[in-house]
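Here's the structure, in structure tokens; my notes come after.
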Amino acid sequence: MDLNHLYIVLLPLFIGWILDWLFGDPPLLPHPIVGFGKIISWGEKKWNNGEQKLQKGALFAVSLIVLTFLISLGILKILHSFHPTLSIIFSAIIVFYCLAGKTLIREVRQVFQAVDLSVEAGRTQVARIVGRDTSNLSAQQIRTAALETLSENLSDGVIAPLFWYLLLGIPGMLAYKMINTLDSMIGYKNERYKEFGCWAAHIDDWANYVPARLTAFLMILVSGKFDLFSFVKEQGKNHSSPNSGFPEAALAGILNCQFGGSNYYFGTLTHKALIGNSPKELTASDMKIAISINRKTEIVMIIWIALSIFVVAWLK
């Protein structure tokens, strides 16, 4: 790897990350992830019927992931053949769109501000970022839902995309976002999606296995509370997801609070195991600490990626 290649890999990463840090998702511009969602919705309506739903869902999910990887790889090669600067600009835009750090923090902050005005306002605001039924949530449940989402999506929306960028570049990052979008839309165990979305859910579990644990590790690292490693190892297993429990446990330990409990999803009461030992009342102060942890974790991840790329280049 020469200096030219380092420039092509690192420059779009830094540009895209800084743009996300400053602006978050641009609401007035077309978003590729929205496009992913429309494709998934179209395919689900077309093929999630009749017999062999499991096989059709598997083919659908794998095809979209592979095509996303190959098409983005092809675009990069074509742009690079015209001029390397074009591929850098394209890559920076994709990094910007694939990261959700700023938007996530903004949404969580708005939830806490809304619930301080009224419980009803808090329910409306938190419904933007969670999948559970929010119509009967208490103020404490609203704040809990927001912080659970903050920790879980630090992995899904920031660390995992960066992790796959480090391994496979822009094609890997976009393929991961397709995996994550598939899971968020069809990876449910209800009657409609249980078979068709089975492969999407399992692929998402595999793709997030390392990033989720890495996220928890980095959260503990930036908090300085190194005694939480054993706590996270034990409590992270309580979650129904094989991955989401680890960043949630890290934040629960850092804030000394408790996540989990019973909530309604798609009209069905779901009981989630408790994560954390202290069911304290959450406040805006906890939200500010959690946001600070998120930001510091992002920074450390970016530094780690840059150092990893430099080390590989030096070794070569």
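The chains in the structure tokens are called A, B, ... from first to last as shown; in each chain the residues are counted from 1, and the ligands are counted from 1 in the order shown.
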
**Request:** List the neighbours of Ser118 of chain A out to 12 Å using only C-alpha atoms; skip same-chain residues closer than 6 positions along the sequence, and give me the result as a PyMOL selection string.
**Result:** chain A and resi 111-112+124-125+137-139+142

If you keep C-alpha atoms, can you produce a file of those selected residues as a PDB file, in the first residue's frame?
ATOM      1  CA  VAL A 111     -36.705  12.996  23.056  1.00  0.00           C
ATOM      2  CA  PHE A 112     -35.431  14.198  26.440  1.00  0.00           C
ATOM      3  CA  THR A 124     -44.482  11.203  19.812  1.00  0.00           C
ATOM      4  CA  GLN A 125     -40.784  12.046  19.615  1.00  0.00           C
ATOM      5  CA  LEU A 137     -45.040   4.702  27.803  1.00  0.00           C
ATOM      6  CA  SER A 138     -44.281   6.578  31.002  1.00  0.00           C
ATOM      7  CA  ALA A 139     -41.686   9.370  31.129  1.00  0.00           C
ATOM      8  CA  ILE A 142     -39.488   7.011  27.159  1.00  0.00           C
TER       9      ILE A 142
END

Exercise: Arg123 of chain A partners within 12 Å, only C-alpha atoms, chain neighbours under 5 positions left out, as a PDB file with C-alpha atoms, in the first residue's frame:
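Once written, result-v4.pdb looks like this:
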ATOM      1  CA  GLN A 110     -34.973  15.887  21.277  1.00  0.00           C
ATOM      2  CA  VAL A 111     -36.705  12.996  23.056  1.00  0.00           C
ATOM      3  CA  PHE A 112     -35.431  14.198  26.440  1.00  0.00           C
ATOM      4  CA  GLN A 113     -36.416  17.780  25.633  1.00  0.00           C
ATOM      5  CA  ALA A 114     -39.887  16.680  24.506  1.00  0.00           C
ATOM      6  CA  VAL A 115     -40.642  14.507  27.529  1.00  0.00           C
ATOM      7  CA  ASP A 116     -39.672  17.384  29.812  1.00  0.00           C
ATOM      8  CA  LEU A 117     -42.485  19.363  28.167  1.00  0.00           C
ATOM      9  CA  SER A 118     -45.063  16.581  28.372  1.00  0.00           C
ATOM     10  CA  ARG A 128     -39.371   8.273  15.534  1.00  0.00           C
ATOM     11  CA  ILE A 129     -36.458   6.111  16.695  1.00  0.00           C
ATOM     12  CA  VAL A 130     -37.900   2.967  18.331  1.00  0.00           C
ATOM     13  CA  ARG A 132     -42.051  -0.480  20.194  1.00  0.00           C
ATOM     14  CA  ASP A 133     -45.559   0.850  20.778  1.00  0.00           C
ATOM     15  CA  THR A 134     -45.051   4.215  22.498  1.00  0.00           C
ATOM     16  CA  SER A 135     -48.687   5.186  23.146  1.00  0.00           C
ATOM     17  CA  ASN A 136     -48.665   4.149  26.818  1.00  0.00           C
ATOM     18  CA  LEU A 137     -45.040   4.702  27.803  1.00  0.00           C
ATOM     19  CA  SER A 138     -44.281   6.578  31.002  1.00  0.00           C
ATOM     20  CA  ALA A 139     -41.686   9.370  31.129  1.00  0.00           C
ATOM     21  CA  GLN A 140     -39.134   6.922  32.573  1.00  0.00           C
ATOM     22  CA  GLN A 141     -39.876   4.343  29.854  1.00  0.00           C
ATOM     23  CA  ILE A 142     -39.488   7.011  27.159  1.00  0.00           C
ATOM     24  CA  ARG A 143     -36.061   8.045  28.458  1.00  0.00           C
ATOM     25  CA  THR A 144     -35.050   4.404  28.824  1.00  0.00           C
ATOM     26  CA  ALA A 145     -36.127   3.610  25.243  1.00  0.00           C
ATOM     27  CA  ALA A 146     -34.141   6.580  23.923  1.00  0.00           C
TER      28      ALA A 146
END

Non-local contacts of Thr85 of chain A (12 Å; only C-alpha atoms; under 2 positions in same chain excluded) as a compact mmCIF listing (two decimals) with N, CA and C atoms, in the first residue's frame:
# COMPACT_ATOMS: atom_id res chain seq x y z
N ASN A 4 -0.26 7.01 -2.02
CA ASN A 4 -1.42 7.33 -2.85
C ASN A 4 -2.64 6.57 -2.39
N HIS A 5 -2.45 5.28 -2.11
CA HIS A 5 -3.58 4.45 -1.67
C HIS A 5 -4.06 4.88 -0.28
N TYR A 7 -3.99 7.83 0.89
CA TYR A 7 -4.73 9.07 0.63
C TYR A 7 -6.15 8.75 0.17
N ILE A 8 -6.28 7.79 -0.74
CA ILE A 8 -7.58 7.42 -1.30
C ILE A 8 -8.48 6.76 -0.25
N VAL A 9 -7.87 6.03 0.70
CA VAL A 9 -8.65 5.33 1.72
C VAL A 9 -9.02 6.24 2.88
N LEU A 11 -8.70 9.80 3.24
CA LEU A 11 -9.30 11.11 3.01
C LEU A 11 -10.83 11.07 2.97
N PRO A 12 -11.45 10.16 2.19
CA PRO A 12 -12.92 10.12 2.20
C PRO A 12 -13.49 9.72 3.55
N LEU A 76 -16.94 2.59 -8.19
CA LEU A 76 -15.64 3.10 -7.74
C LEU A 76 -14.57 2.91 -8.81
N LYS A 77 -14.55 1.75 -9.42
CA LYS A 77 -13.54 1.47 -10.45
C LYS A 77 -13.71 2.39 -11.66
N ILE A 78 -14.96 2.59 -12.06
CA ILE A 78 -15.23 3.47 -13.21
C ILE A 78 -14.81 4.91 -12.90
N LEU A 79 -15.18 5.40 -11.72
CA LEU A 79 -14.82 6.76 -11.33
C LEU A 79 -13.30 6.92 -11.24
N HIS A 80 -12.64 5.91 -10.67
CA HIS A 80 -11.19 5.98 -10.52
C HIS A 80 -10.49 5.98 -11.89
N SER A 81 -11.08 5.28 -12.84
CA SER A 81 -10.48 5.23 -14.18
C SER A 81 -10.52 6.60 -14.86
N PHE A 82 -11.54 7.41 -14.53
CA PHE A 82 -11.60 8.77 -15.06
C PHE A 82 -10.62 9.68 -14.32
N HIS A 83 -10.72 9.65 -12.97
CA HIS A 83 -9.79 10.42 -12.15
C HIS A 83 -9.96 9.98 -10.68
N SER A 87 -13.42 9.23 -7.39
CA SER A 87 -13.70 8.12 -6.49
C SER A 87 -13.60 8.57 -5.03
N ILE A 88 -12.71 9.52 -4.74
CA ILE A 88 -12.60 10.06 -3.38
C ILE A 88 -13.86 10.83 -3.01
N ILE A 89 -14.36 11.65 -3.92
CA ILE A 89 -15.59 12.42 -3.66
C ILE A 89 -16.77 11.47 -3.45
N PHE A 90 -16.90 10.48 -4.33
CA PHE A 90 -17.98 9.51 -4.19
C PHE A 90 -17.89 8.77 -2.86
N SER A 91 -16.68 8.34 -2.50
CA SER A 91 -16.49 7.60 -1.24
C SER A 91 -16.82 8.45 -0.03
N ALA A 92 -16.42 9.72 -0.06
CA ALA A 92 -16.71 10.62 1.06
C ALA A 92 -18.21 10.81 1.24

**Item:** Residue list (alpha helix (DSSP H), DSSP) for segment 1-93 of chain A, as a ChimeraX atom specification
**Value:** /A:3-23,32-47,53-82,84-93

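Computed from the coordinates, the atom CA of Thr297 of chain A to atom CA of Ala249 of chain A distance equals 15.2 Å.
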
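Non-sequential neighbours of segment 63-69 of chain A (distance at most 8 Å, separation of 4 or more positions within a chain, only C-alpha atoms) are Leu59, Leu73, Pro171, Gly172, Leu174, Ala175, Tyr176, Met178 and Ile179 of chain A.
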